[in-house]
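S.K.: Here it is, the structure in full.
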2 protein chains.
Amino acid sequence: MVSIVSVAKVAGVSNKTVSRVINGEPYVTEETRERVEKAIRDLGYVPNMAARLIRSSRSNTFGIITDYVSTTPYSVDIVRGVQDWANANGKTILMANTGGASEREAEIWKMFQSHRIDGVLYVTMFHRIVDPETGDVSIPTVMINCTPQTNELLPSIVPDDYQGAQDLTRYLLDRGHRKIGYIRLNPILLGAQLRLDAFRKTAGDFGLAESDLSIRLGMEGPVGAEKNYVYAVATEMLQQKDRPTAIMSGNDEMTIQIYIAAMALGLRIPEDVSIVGFDDFRTVSLALKPQLTTAALPYYDLGREGAELLNSVVAGSKAPPSSRVVPCKLVERTSVCSL
Amino acid sequence: MVSIVSVAKVAGVSNKTVSRVINGEPYVTEETRERVEKAIRDLGYVPNMAARLIRSSRSNTFGIITDYVSTTPYSVDIVRGVQDWANANGKTILMANTGGASEREAEIWKMFQSHRIDGVLYVTMFHRIVDPETGDVSIPTVMINCTPQTNELLPSIVPDDYQGAQDLTRYLLDRGHRKIGYIRLNPILLGAQLRLDAFRKTAGDFGLAESDLSIRLGMEGPVGAEKNYVYAVATEMLQQKDRPTAIMSGNDEMTIQIYIAAMALGLRIPEDVSIVGFDDFRTVSLALKPQLTTAALPYYDLGREGAELLNSVVAGSKAPPSSRVVPCKLVERTSVCSL
DNA sequence: GAAAAATATGTCGACGTTGTCATGCGTCTG
DNA sequence: CAGACGCATGACAACGTCGACATATTTTTC
């Protein structure tokens, strides 16, 4: 492999001078610089990060540790956000996922440490409460899409599920809906509770009675093996004689079943029932006809800002580890009508 | 940072002996080994991969370079397959994605080289033909889900779209369907052509005339900004007086619109129309009612086997760079009825 | 025009690890 | 009991890079 030494030999300078050119340090004649750069090009020299790291003990690398990248195609955008930031800032990304197994988690932290990474982004694929199992490895960490259980005060950055659901509820109320059904997400997920709370509170503040709200559980059970009642629940809800004029769904994926249930009963969307989702999972929200009005989870921004935040932590900013909350934008499409 | 030297000091041995213990080399007394292991535990020592790398010039790291991890939640399973393999075999994964920009691609190859990674997995999110822009960086490479344009003879590993579509078509024919509609995937994707070819050939071999087949384009245009005709095309197809008894869809995502189109026309699935998809994109195929019969893209296996293959290439196996094809398994659910 | 300052380049060692070779000691062989 | 062998350990150099410091050359300053 071609090293700094071979470049130096070809350019007829010392290796230190080559190092200076590579790192853009001052005190190199234009002429020398050009000769060195030519040698670098000719030889196809690429600096060796590993050597740089043992010298300077800064790896310029972040690690991402995730639970279920895969079983859930939802939140890949978080990873993309991180990668784009990394790319723009000359950082490298090391990736690992636990598949939910906590014994693997400790291994991964060890692996990260063996690469002397500068910081860790701890990403969960659903908004939830967790406890990183670092196995006494301590590396600057930012949590994305999750908050720590014990108050170990790791900074975290999460979507504002509450505000998103609030906006969606108001949106329906503003359009005259007074009987609203709600099909709940798996209660395991933190977002589920926040969204439901916002729905209840907003509807209540507006003056709706609890009896105007038809709240039902759509899913439950462990992530990846949950029981799904959505179709049955939606069918039942829509067969009530005093049926809701709008249904709010725990997430977009569940709306597929709500759409089908409604259509099977001969109801038109949105004329007979309005439907809103949550997440803006575009594979679904754009494929449905009419297209789905929903609240977009700011996954990409979560990733980007998380990386940014981690960077400032690594750089030693003493900002108290706080929980940042990123708003969910309401995306208006055509699945809701005004009454 | 605690290094091998500090461990040696505490254990009262030379650093080489510590190295021997770490690497499980022979010729260390049981007693010495224990003393060293204790010191390692006490100090929380973790070997420094970077140092190991400059010594041995083997990084035990693979890079993954992808085009659109993100915009498409489809193929994250490939990445999961790779990661699981890596985890089981003590390799580390460096990730980068181009977002489709080829100027970024060259940068990424350079970055990979600067980390002296052992090999690259070049992954595309759709089965297609590409040309890696390595920018004269040469690292052992395996292509996953894509095949090289120029015959540079990089080994590749791809799903068997042809066989999958063949199985699906036979499945319909076996159940008595003789008028079959086909809504095509974006022709940009290699899989689109293969799937269509298999459909045509299999139906033809069975004795169906071209007039029994109703083949229509469902999508076209650049990835991420395609035009989508599926709903309109499906509606039209199902309104023909001699309408097909079954529709085969380019992929699962498109079936959402086919379902809705059918239901809007008052048709029941599968009694009035049978529908099959492709991919087994479970967010969709399991959410639909009735659940979708489809062919599963072997993404996880693609990742796993791709990593395996790369490993053997890196190890210097002289196996001629061939294209391996992994079968798509038919997943039978309830969206098809027998006539 | 001599001293001081600025610029340009080089020498050397250190980072943490492992490969090579050397050494010391006990045991076996004939 | 001498030589050969096997085992356990250590000394030292080298990998590629860069920081600290030294030296050489040019420019500025009074």
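We label chains A, B, ... in the order they appear in the structure tokens, count residues from 1 in each chain, and number ligands from 1 in the order shown.
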Name the residues of segment 113-322 of chain B that come out as helix (DSSP H, G or I) in a backbone DSSP run; write them as a PyMOL selection string.

M.R.: chain B and resi 113-114+161-174+190-206+210-212+230-239+252-264+282-285+299-314

S.K.: Tell me, as a ChimeraX atom specification, which residues lie within 10 Å of DT29 of chain D, counting only C-alpha atoms (C1' of nucleotides); anything in the same chain fewer than 6 positions away does not count.

M.R.: /C:3-5

S.K.: Just N, CA and C atoms (P, O5', C5', C4', C3', O3' and C1' of nucleotides) for this one: save the residues we selected as a compact mmCIF listing (two decimals), in the first residue's frame.

M.R.:
```txt
# COMPACT_ATOMS: atom_id res chain seq x y z
P DA C 3 24.88 41.06 14.72
O5' DA C 3 23.38 41.13 15.26
C5' DA C 3 22.88 42.37 15.78
C4' DA C 3 21.37 42.34 15.70
C3' DA C 3 20.73 41.09 16.30
O3' DA C 3 19.70 41.48 17.18
C1' DA C 3 19.92 41.44 14.09
P DA C 4 18.88 40.42 18.03
O5' DA C 4 17.49 40.41 17.28
C5' DA C 4 16.84 41.65 16.96
C4' DA C 4 15.64 41.38 16.08
C3' DA C 4 14.75 40.23 16.56
O3' DA C 4 13.42 40.69 16.58
C1' DA C 4 15.32 39.91 14.29
P DA C 5 12.23 39.79 17.16
O5' DA C 5 11.47 39.36 15.82
C5' DA C 5 11.14 40.37 14.85
C4' DA C 5 10.69 39.70 13.58
C3' DA C 5 9.68 38.56 13.78
O3' DA C 5 8.55 38.86 12.99
C1' DA C 5 11.43 37.89 12.33
```

S.K.: If the cut-off is 7 Å, can you tell me the residues of chain B near chain C, counting only C-alpha atoms (C1' of nucleotides)? I'd like them as a PDB file with all heavy atoms, in the first residue's frame.

M.R.:
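Result file is iface_9.pdb:
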```
ATOM      1  N   SER B   3      -3.889   1.078  27.393  1.00  0.00           N
ATOM      2  CA  SER B   3      -3.326   0.321  26.284  1.00  0.00           C
ATOM      3  C   SER B   3      -2.735  -0.996  26.775  1.00  0.00           C
ATOM      4  O   SER B   3      -2.727  -1.300  27.964  1.00  0.00           O
ATOM      5  CB  SER B   3      -2.239   1.121  25.593  1.00  0.00           C
ATOM      6  OG  SER B   3      -1.045   0.982  26.317  1.00  0.00           O
ATOM      7  N   ASN B  48      -7.147  -1.789  20.517  1.00  0.00           N
ATOM      8  CA  ASN B  48      -7.295  -0.686  19.569  1.00  0.00           C
ATOM      9  C   ASN B  48      -7.162  -1.212  18.143  1.00  0.00           C
ATOM     10  O   ASN B  48      -6.088  -1.568  17.685  1.00  0.00           O
ATOM     11  CB  ASN B  48      -6.215   0.353  19.864  1.00  0.00           C
ATOM     12  CG  ASN B  48      -6.354   1.564  18.990  1.00  0.00           C
ATOM     13  OD1 ASN B  48      -6.794   1.472  17.845  1.00  0.00           O
ATOM     14  ND2 ASN B  48      -5.998   2.716  19.520  1.00  0.00           N
ATOM     15  N   ALA B  51      -4.630   0.463  15.678  1.00  0.00           N
ATOM     16  CA  ALA B  51      -3.237   0.056  15.832  1.00  0.00           C
ATOM     17  C   ALA B  51      -3.027  -1.322  15.219  1.00  0.00           C
ATOM     18  O   ALA B  51      -2.048  -1.585  14.523  1.00  0.00           O
ATOM     19  CB  ALA B  51      -2.860   0.035  17.306  1.00  0.00           C
ATOM     20  N   ARG B  52      -3.994  -2.186  15.465  1.00  0.00           N
ATOM     21  CA  ARG B  52      -3.911  -3.523  14.921  1.00  0.00           C
ATOM     22  C   ARG B  52      -3.847  -3.452  13.393  1.00  0.00           C
ATOM     23  O   ARG B  52      -3.096  -4.176  12.750  1.00  0.00           O
ATOM     24  CB  ARG B  52      -5.154  -4.297  15.377  1.00  0.00           C
ATOM     25  CG  ARG B  52      -5.026  -5.776  15.231  1.00  0.00           C
ATOM     26  CD  ARG B  52      -6.225  -6.457  15.863  1.00  0.00           C
ATOM     27  NE  ARG B  52      -6.065  -6.676  17.298  1.00  0.00           N
ATOM     28  CZ  ARG B  52      -6.980  -7.312  18.036  1.00  0.00           C
ATOM     29  NH1 ARG B  52      -8.093  -7.740  17.492  1.00  0.00           N
ATOM     30  NH2 ARG B  52      -6.769  -7.499  19.315  1.00  0.00           N
ATOM     31  N   ARG B  55      -0.526  -2.360  11.881  1.00  0.00           N
ATOM     32  CA  ARG B  55       0.446  -3.443  12.006  1.00  0.00           C
ATOM     33  C   ARG B  55       0.202  -4.538  10.947  1.00  0.00           C
ATOM     34  O   ARG B  55       1.094  -4.977  10.253  1.00  0.00           O
ATOM     35  CB  ARG B  55       0.298  -4.021  13.414  1.00  0.00           C
ATOM     36  CG  ARG B  55       1.521  -4.615  14.130  1.00  0.00           C
ATOM     37  CD  ARG B  55       2.763  -3.838  13.996  1.00  0.00           C
ATOM     38  NE  ARG B  55       3.522  -4.260  12.843  1.00  0.00           N
ATOM     39  CZ  ARG B  55       4.433  -5.211  12.833  1.00  0.00           C
ATOM     40  NH1 ARG B  55       4.724  -5.850  13.923  1.00  0.00           N
ATOM     41  NH2 ARG B  55       5.063  -5.516  11.745  1.00  0.00           N
TER      42      ARG B  55
END
```

S.K.: Please check the contacts: residues of chain B at most 10 Å away from chain D, using only C-alpha atoms (C1' of nucleotides), listed as a list in words.

M.R.: Val13, Ser14, Asn15, Lys16, Thr17, Pro26, Tyr27, Val28, Thr29, Thr32, Ala51, Arg52, Leu53, Ile54, Arg55, Ser56 and Ser57 of chain B

S.K.: Please identify every residue of chain B that has at least one atom no more than 8 Å from any atom of chain A, counting only C-alpha atoms, and report them as a VMD selection string.

M.R.: chain B and resid 46 to 51 53 to 54 69 to 71 73 to 74 76 to 77 79 to 80 83 92 to 97 110 113 to 116 231 253 to 254 256 to 257 260 263 to 264 266 283 to 284 287 to 289

S.K.: When you count only C-alpha atoms, which of these residues is closest to Leu297 of chain B: B:Ala165, B:Val21, B:Ala232, B:Leu208?

M.R.: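 Using only C-alpha atoms, Leu297 of chain B sits closest to B:Ala165.
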
S.K.: Which value, in Å to one decimal, gives the distance between atom CA of Arg58 of chain A and atom CA of Arg20 of chain A?

M.R.: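 Rounded to one decimal, the two atoms are 18.1 Å apart.
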
S.K.: So how far away is atom CA of Gly119 of chain B from atom CA of Ala307 of chain B, in Å?

M.R.: 9.3 Å

S.K.: Kindly give the distance, in Å, that separates atom CA of Glu34 of chain B and atom CA of Ala101 of chain A, rounded to a single decimal.

M.R.: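 Straight-line distance from atom CA of Glu34 of chain B to atom CA of Ala101 of chain A works out to 29.3 Å.
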
S.K.: Can you work out which one of B:Asn186, B:Val5, B:His177, B:Ala295 has the shortest atom-to-atom distance to Asp272 of chain B, counting only C-alpha atoms?

M.R.: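 For Asp272 of chain B, the nearest of the given residues is B:His177.
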
S.K.: Taking only segment 39-266 of chain A into account, list the residues labelled strand (DSSP E) by DSSP (computed from the backbone), as a ChimeraX atom specification.

M.R.: /A:61-66,92-97,119-130,141-148,156-159,180-184,213-217,219-220,227-228,246-249

S.K.: Quick one: residues within 10 Å of segment 213-225 of chain B, only C-alpha atoms (C1' of nucleotides), excluding same-chain residues fewer than 4 positions away - as a PDB file with N, CA, C and O atoms, in the first residue's frame?

M.R.:
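Writing the result to out38.pdb gives the following:
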```pdb
ATOM      1  N   TYR B  68     -30.197   4.474  -2.525  1.00  0.00           N
ATOM      2  CA  TYR B  68     -31.265   5.112  -1.759  1.00  0.00           C
ATOM      3  C   TYR B  68     -31.714   4.249  -0.596  1.00  0.00           C
ATOM      4  O   TYR B  68     -32.737   3.606  -0.683  1.00  0.00           O
ATOM      5  N   THR B  71     -35.096   6.601   0.855  1.00  0.00           N
ATOM      6  CA  THR B  71     -36.330   6.997   0.190  1.00  0.00           C
ATOM      7  C   THR B  71     -37.204   5.774  -0.026  1.00  0.00           C
ATOM      8  O   THR B  71     -38.395   5.884  -0.206  1.00  0.00           O
ATOM      9  N   THR B  72     -36.592   4.623  -0.001  1.00  0.00           N
ATOM     10  CA  THR B  72     -37.319   3.391  -0.211  1.00  0.00           C
ATOM     11  C   THR B  72     -37.097   2.437   0.940  1.00  0.00           C
ATOM     12  O   THR B  72     -36.003   1.957   1.147  1.00  0.00           O
ATOM     13  N   GLY B 100     -27.918   8.733  -4.773  1.00  0.00           N
ATOM     14  CA  GLY B 100     -28.051   8.732  -6.223  1.00  0.00           C
ATOM     15  C   GLY B 100     -27.069   9.647  -6.943  1.00  0.00           C
ATOM     16  O   GLY B 100     -26.999   9.656  -8.156  1.00  0.00           O
ATOM     17  N   PHE B 126     -33.052  -1.201  -5.690  1.00  0.00           N
ATOM     18  CA  PHE B 126     -33.894  -1.920  -6.633  1.00  0.00           C
ATOM     19  C   PHE B 126     -32.983  -2.743  -7.517  1.00  0.00           C
ATOM     20  O   PHE B 126     -31.852  -2.340  -7.785  1.00  0.00           O
ATOM     21  N   ARG B 178     -57.828 -17.812 -16.414  1.00  0.00           N
ATOM     22  CA  ARG B 178     -57.470 -17.847 -17.836  1.00  0.00           C
ATOM     23  C   ARG B 178     -57.439 -16.461 -18.468  1.00  0.00           C
ATOM     24  O   ARG B 178     -56.950 -16.275 -19.576  1.00  0.00           O
ATOM     25  N   LYS B 179     -57.993 -15.513 -17.752  1.00  0.00           N
ATOM     26  CA  LYS B 179     -57.903 -14.118 -18.184  1.00  0.00           C
ATOM     27  C   LYS B 179     -57.146 -13.394 -17.080  1.00  0.00           C
ATOM     28  O   LYS B 179     -57.648 -13.283 -15.953  1.00  0.00           O
ATOM     29  N   ILE B 180     -55.954 -12.952 -17.392  1.00  0.00           N
ATOM     30  CA  ILE B 180     -55.144 -12.375 -16.323  1.00  0.00           C
ATOM     31  C   ILE B 180     -54.638 -10.989 -16.700  1.00  0.00           C
ATOM     32  O   ILE B 180     -54.123 -10.781 -17.796  1.00  0.00           O
ATOM     33  N   GLY B 181     -54.844 -10.064 -15.779  1.00  0.00           N
ATOM     34  CA  GLY B 181     -54.331  -8.719 -15.997  1.00  0.00           C
ATOM     35  C   GLY B 181     -52.950  -8.580 -15.373  1.00  0.00           C
ATOM     36  O   GLY B 181     -52.608  -9.276 -14.419  1.00  0.00           O
ATOM     37  N   TYR B 182     -52.143  -7.689 -15.942  1.00  0.00           N
ATOM     38  CA  TYR B 182     -50.802  -7.478 -15.375  1.00  0.00           C
ATOM     39  C   TYR B 182     -50.525  -5.986 -15.361  1.00  0.00           C
ATOM     40  O   TYR B 182     -50.605  -5.326 -16.401  1.00  0.00           O
ATOM     41  N   ILE B 183     -50.235  -5.467 -14.206  1.00  0.00           N
ATOM     42  CA  ILE B 183     -49.910  -4.040 -14.113  1.00  0.00           C
ATOM     43  C   ILE B 183     -48.418  -3.899 -13.840  1.00  0.00           C
ATOM     44  O   ILE B 183     -47.912  -4.348 -12.814  1.00  0.00           O
ATOM     45  N   ARG B 184     -47.763  -3.272 -14.793  1.00  0.00           N
ATOM     46  CA  ARG B 184     -46.295  -3.283 -14.787  1.00  0.00           C
ATOM     47  C   ARG B 184     -45.652  -2.281 -13.850  1.00  0.00           C
ATOM     48  O   ARG B 184     -46.116  -1.158 -13.683  1.00  0.00           O
ATOM     49  N   LEU B 185     -44.544  -2.725 -13.322  1.00  0.00           N
ATOM     50  CA  LEU B 185     -43.665  -1.912 -12.490  1.00  0.00           C
ATOM     51  C   LEU B 185     -42.929  -0.920 -13.387  1.00  0.00           C
ATOM     52  O   LEU B 185     -42.887  -1.096 -14.601  1.00  0.00           O
ATOM     53  N   ASN B 186     -42.359   0.063 -12.774  1.00  0.00           N
ATOM     54  CA  ASN B 186     -41.521   1.023 -13.493  1.00  0.00           C
ATOM     55  C   ASN B 186     -40.459   0.291 -14.340  1.00  0.00           C
ATOM     56  O   ASN B 186     -39.631  -0.434 -13.813  1.00  0.00           O
ATOM     57  N   PRO B 187     -40.484   0.515 -15.660  1.00  0.00           N
ATOM     58  CA  PRO B 187     -39.584  -0.232 -16.541  1.00  0.00           C
ATOM     59  C   PRO B 187     -38.098   0.050 -16.312  1.00  0.00           C
ATOM     60  O   PRO B 187     -37.246  -0.696 -16.793  1.00  0.00           O
ATOM     61  N   ILE B 188     -37.803   1.121 -15.571  1.00  0.00           N
ATOM     62  CA  ILE B 188     -36.408   1.400 -15.227  1.00  0.00           C
ATOM     63  C   ILE B 188     -35.790   0.239 -14.466  1.00  0.00           C
ATOM     64  O   ILE B 188     -34.606  -0.052 -14.580  1.00  0.00           O
ATOM     65  N   LEU B 189     -36.609  -0.427 -13.685  1.00  0.00           N
ATOM     66  CA  LEU B 189     -36.096  -1.479 -12.822  1.00  0.00           C
ATOM     67  C   LEU B 189     -35.937  -2.781 -13.603  1.00  0.00           C
ATOM     68  O   LEU B 189     -36.828  -3.203 -14.333  1.00  0.00           O
ATOM     69  N   LEU B 196     -42.122  -9.418 -16.072  1.00  0.00           N
ATOM     70  CA  LEU B 196     -43.065  -9.405 -17.188  1.00  0.00           C
ATOM     71  C   LEU B 196     -42.764 -10.534 -18.170  1.00  0.00           C
ATOM     72  O   LEU B 196     -43.674 -11.245 -18.625  1.00  0.00           O
ATOM     73  N   PHE B 199     -43.990 -13.759 -16.862  1.00  0.00           N
ATOM     74  CA  PHE B 199     -45.460 -13.813 -16.941  1.00  0.00           C
ATOM     75  C   PHE B 199     -45.910 -14.191 -18.345  1.00  0.00           C
ATOM     76  O   PHE B 199     -46.667 -15.133 -18.555  1.00  0.00           O
ATOM     77  N   ARG B 200     -45.401 -13.458 -19.318  1.00  0.00           N
ATOM     78  CA  ARG B 200     -45.764 -13.702 -20.721  1.00  0.00           C
ATOM     79  C   ARG B 200     -45.428 -15.126 -21.139  1.00  0.00           C
ATOM     80  O   ARG B 200     -46.249 -15.840 -21.698  1.00  0.00           O
ATOM     81  N   ALA B 203     -47.520 -17.870 -19.278  1.00  0.00           N
ATOM     82  CA  ALA B 203     -48.909 -17.880 -19.754  1.00  0.00           C
ATOM     83  C   ALA B 203     -48.970 -18.444 -21.165  1.00  0.00           C
ATOM     84  O   ALA B 203     -49.846 -19.247 -21.495  1.00  0.00           O
ATOM     85  N   GLY B 204     -48.027 -18.017 -21.988  1.00  0.00           N
ATOM     86  CA  GLY B 204     -47.979 -18.509 -23.363  1.00  0.00           C
ATOM     87  C   GLY B 204     -47.764 -20.020 -23.421  1.00  0.00           C
ATOM     88  O   GLY B 204     -48.492 -20.736 -24.113  1.00  0.00           O
ATOM     89  N   LEU B 208     -52.275 -19.784 -23.148  1.00  0.00           N
ATOM     90  CA  LEU B 208     -53.085 -18.566 -23.216  1.00  0.00           C
ATOM     91  C   LEU B 208     -52.631 -17.710 -24.405  1.00  0.00           C
ATOM     92  O   LEU B 208     -51.457 -17.664 -24.736  1.00  0.00           O
ATOM     93  N   ALA B 209     -53.598 -17.055 -25.029  1.00  0.00           N
ATOM     94  CA  ALA B 209     -53.277 -16.157 -26.141  1.00  0.00           C
ATOM     95  C   ALA B 209     -52.946 -14.778 -25.590  1.00  0.00           C
ATOM     96  O   ALA B 209     -53.305 -14.448 -24.455  1.00  0.00           O
ATOM     97  N   TYR B 229     -49.831   5.511 -12.381  1.00  0.00           N
ATOM     98  CA  TYR B 229     -51.127   5.361 -13.044  1.00  0.00           C
ATOM     99  C   TYR B 229     -51.941   4.209 -12.484  1.00  0.00           C
ATOM    100  O   TYR B 229     -52.971   3.848 -13.039  1.00  0.00           O
ATOM    101  N   VAL B 230     -51.465   3.588 -11.452  1.00  0.00           N
ATOM    102  CA  VAL B 230     -52.010   2.302 -11.038  1.00  0.00           C
ATOM    103  C   VAL B 230     -53.517   2.328 -10.801  1.00  0.00           C
ATOM    104  O   VAL B 230     -54.250   1.492 -11.324  1.00  0.00           O
ATOM    105  N   TYR B 231     -53.957   3.311 -10.050  1.00  0.00           N
ATOM    106  CA  TYR B 231     -55.379   3.356  -9.701  1.00  0.00           C
ATOM    107  C   TYR B 231     -56.239   3.456 -10.954  1.00  0.00           C
ATOM    108  O   TYR B 231     -57.190   2.702 -11.161  1.00  0.00           O
ATOM    109  N   ALA B 232     -55.881   4.371 -11.826  1.00  0.00           N
ATOM    110  CA  ALA B 232     -56.639   4.577 -13.064  1.00  0.00           C
ATOM    111  C   ALA B 232     -56.612   3.325 -13.933  1.00  0.00           C
ATOM    112  O   ALA B 232     -57.651   2.868 -14.439  1.00  0.00           O
ATOM    113  N   VAL B 233     -55.437   2.760 -14.079  1.00  0.00           N
ATOM    114  CA  VAL B 233     -55.278   1.585 -14.930  1.00  0.00           C
ATOM    115  C   VAL B 233     -56.068   0.398 -14.379  1.00  0.00           C
ATOM    116  O   VAL B 233     -56.737  -0.328 -15.128  1.00  0.00           O
ATOM    117  N   ALA B 234     -56.022   0.229 -13.079  1.00  0.00           N
ATOM    118  CA  ALA B 234     -56.732  -0.897 -12.464  1.00  0.00           C
ATOM    119  C   ALA B 234     -58.235  -0.712 -12.636  1.00  0.00           C
ATOM    120  O   ALA B 234     -58.958  -1.659 -12.977  1.00  0.00           O
ATOM    121  N   MET B 237     -59.135  -1.459 -16.174  1.00  0.00           N
ATOM    122  CA  MET B 237     -59.007  -2.893 -16.452  1.00  0.00           C
ATOM    123  C   MET B 237     -60.194  -3.671 -15.909  1.00  0.00           C
ATOM    124  O   MET B 237     -60.700  -4.602 -16.542  1.00  0.00           O
ATOM    125  N   ARG B 243     -63.582  -8.677 -18.212  1.00  0.00           N
ATOM    126  CA  ARG B 243     -62.490  -8.338 -17.304  1.00  0.00           C
ATOM    127  C   ARG B 243     -61.734  -9.565 -16.779  1.00  0.00           C
ATOM    128  O   ARG B 243     -62.310 -10.655 -16.672  1.00  0.00           O
ATOM    129  N   PRO B 244     -60.455  -9.372 -16.460  1.00  0.00           N
ATOM    130  CA  PRO B 244     -59.649 -10.481 -15.949  1.00  0.00           C
ATOM    131  C   PRO B 244     -60.199 -11.003 -14.622  1.00  0.00           C
ATOM    132  O   PRO B 244     -60.784 -10.239 -13.846  1.00  0.00           O
ATOM    133  N   ILE B 247     -55.509 -10.339 -11.195  1.00  0.00           N
ATOM    134  CA  ILE B 247     -54.538  -9.306 -11.578  1.00  0.00           C
ATOM    135  C   ILE B 247     -53.218  -9.580 -10.885  1.00  0.00           C
ATOM    136  O   ILE B 247     -53.153  -9.836  -9.679  1.00  0.00           O
ATOM    137  N   MET B 248     -52.182  -9.524 -11.678  1.00  0.00           N
ATOM    138  CA  MET B 248     -50.851  -9.669 -11.133  1.00  0.00           C
ATOM    139  C   MET B 248     -50.242  -8.262 -11.119  1.00  0.00           C
ATOM    140  O   MET B 248     -50.339  -7.528 -12.092  1.00  0.00           O
ATOM    141  N   SER B 249     -49.619  -7.947 -10.007  1.00  0.00           N
ATOM    142  CA  SER B 249     -49.129  -6.587  -9.825  1.00  0.00           C
ATOM    143  C   SER B 249     -47.602  -6.577  -9.823  1.00  0.00           C
ATOM    144  O   SER B 249     -46.970  -7.520  -9.357  1.00  0.00           O
ATOM    145  N   GLY B 250     -47.043  -5.514 -10.347  1.00  0.00           N
ATOM    146  CA  GLY B 250     -45.585  -5.396 -10.388  1.00  0.00           C
ATOM    147  C   GLY B 250     -44.948  -5.507  -9.021  1.00  0.00           C
ATOM    148  O   GLY B 250     -43.886  -6.082  -8.857  1.00  0.00           O
ATOM    149  N   MET B 254     -48.120  -1.424  -5.159  1.00  0.00           N
ATOM    150  CA  MET B 254     -49.138  -1.099  -6.154  1.00  0.00           C
ATOM    151  C   MET B 254     -50.464  -1.790  -5.876  1.00  0.00           C
ATOM    152  O   MET B 254     -51.514  -1.302  -6.275  1.00  0.00           O
TER     153      MET B 254
END
```

S.K.: Could you give me, as a VMD selection string, the residues within 9 Å of Val7 of chain B, counting only C-alpha atoms (C1' of nucleotides) and dropping anything in the same chain fewer than 5 positions from it?

M.R.: chain B and resid 2 12 to 13 15 18 36 39 to 40 43 45

S.K.: Applying 9 Å and only C-alpha atoms (C1' of nucleotides), which residues near Asp160 of chain A remain after dropping the ones on its own chain fewer than 6 positions away? List them as a PyMOL selection string.

M.R.: chain A and resi 191+194+297-298+325-328

S.K.: Keeping only all heavy atoms, write those residues as a compact mmCIF listing (two decimals), in the first residue's frame.

M.R.:
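Here's the written file result.txt:
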```
# COMPACT_ATOMS: atom_id res chain seq x y z
N GLY A 191 -44.97 6.95 21.75
CA GLY A 191 -45.76 7.83 20.90
C GLY A 191 -47.25 7.55 21.01
O GLY A 191 -48.07 8.46 20.95
N LEU A 194 -48.70 9.45 23.95
CA LEU A 194 -48.67 10.89 23.73
C LEU A 194 -49.73 11.32 22.72
O LEU A 194 -50.42 12.32 22.90
CB LEU A 194 -47.28 11.31 23.21
CG LEU A 194 -46.15 11.16 24.23
CD1 LEU A 194 -44.79 11.32 23.54
CD2 LEU A 194 -46.30 12.19 25.33
N LEU A 297 -43.75 12.47 10.66
CA LEU A 297 -42.71 12.29 11.66
C LEU A 297 -41.41 12.85 11.09
O LEU A 297 -41.02 12.50 9.98
CB LEU A 297 -42.55 10.80 11.91
CG LEU A 297 -42.81 10.18 13.27
CD1 LEU A 297 -43.59 11.07 14.19
CD2 LEU A 297 -43.50 8.84 13.12
N PRO A 298 -40.71 13.70 11.83
CA PRO A 298 -39.54 14.39 11.27
C PRO A 298 -38.28 13.54 11.37
O PRO A 298 -37.28 13.97 11.92
CB PRO A 298 -39.45 15.62 12.16
CG PRO A 298 -39.94 15.15 13.49
CD PRO A 298 -41.00 14.12 13.21
N VAL A 325 -37.13 18.42 21.28
CA VAL A 325 -38.34 17.88 20.68
C VAL A 325 -38.56 18.54 19.34
O VAL A 325 -38.52 19.75 19.22
CB VAL A 325 -39.54 18.14 21.62
CG1 VAL A 325 -40.84 17.88 20.90
CG2 VAL A 325 -39.44 17.27 22.86
N VAL A 326 -38.74 17.74 18.30
CA VAL A 326 -38.88 18.26 16.95
C VAL A 326 -40.33 18.13 16.49
O VAL A 326 -40.93 17.06 16.62
CB VAL A 326 -37.96 17.50 15.97
CG1 VAL A 326 -38.06 18.08 14.57
CG2 VAL A 326 -36.53 17.52 16.46
N PRO A 327 -40.90 19.21 15.99
CA PRO A 327 -42.33 19.18 15.63
C PRO A 327 -42.66 18.25 14.46
O PRO A 327 -41.82 17.99 13.62
CB PRO A 327 -42.63 20.63 15.24
CG PRO A 327 -41.32 21.24 14.92
CD PRO A 327 -40.30 20.52 15.75
N CYS A 328 -43.91 17.79 14.44
CA CYS A 328 -44.42 16.98 13.34
C CYS A 328 -45.27 17.87 12.45
O CYS A 328 -46.19 18.52 12.93
CB CYS A 328 -45.30 15.85 13.86
SG CYS A 328 -44.47 14.71 14.95
```
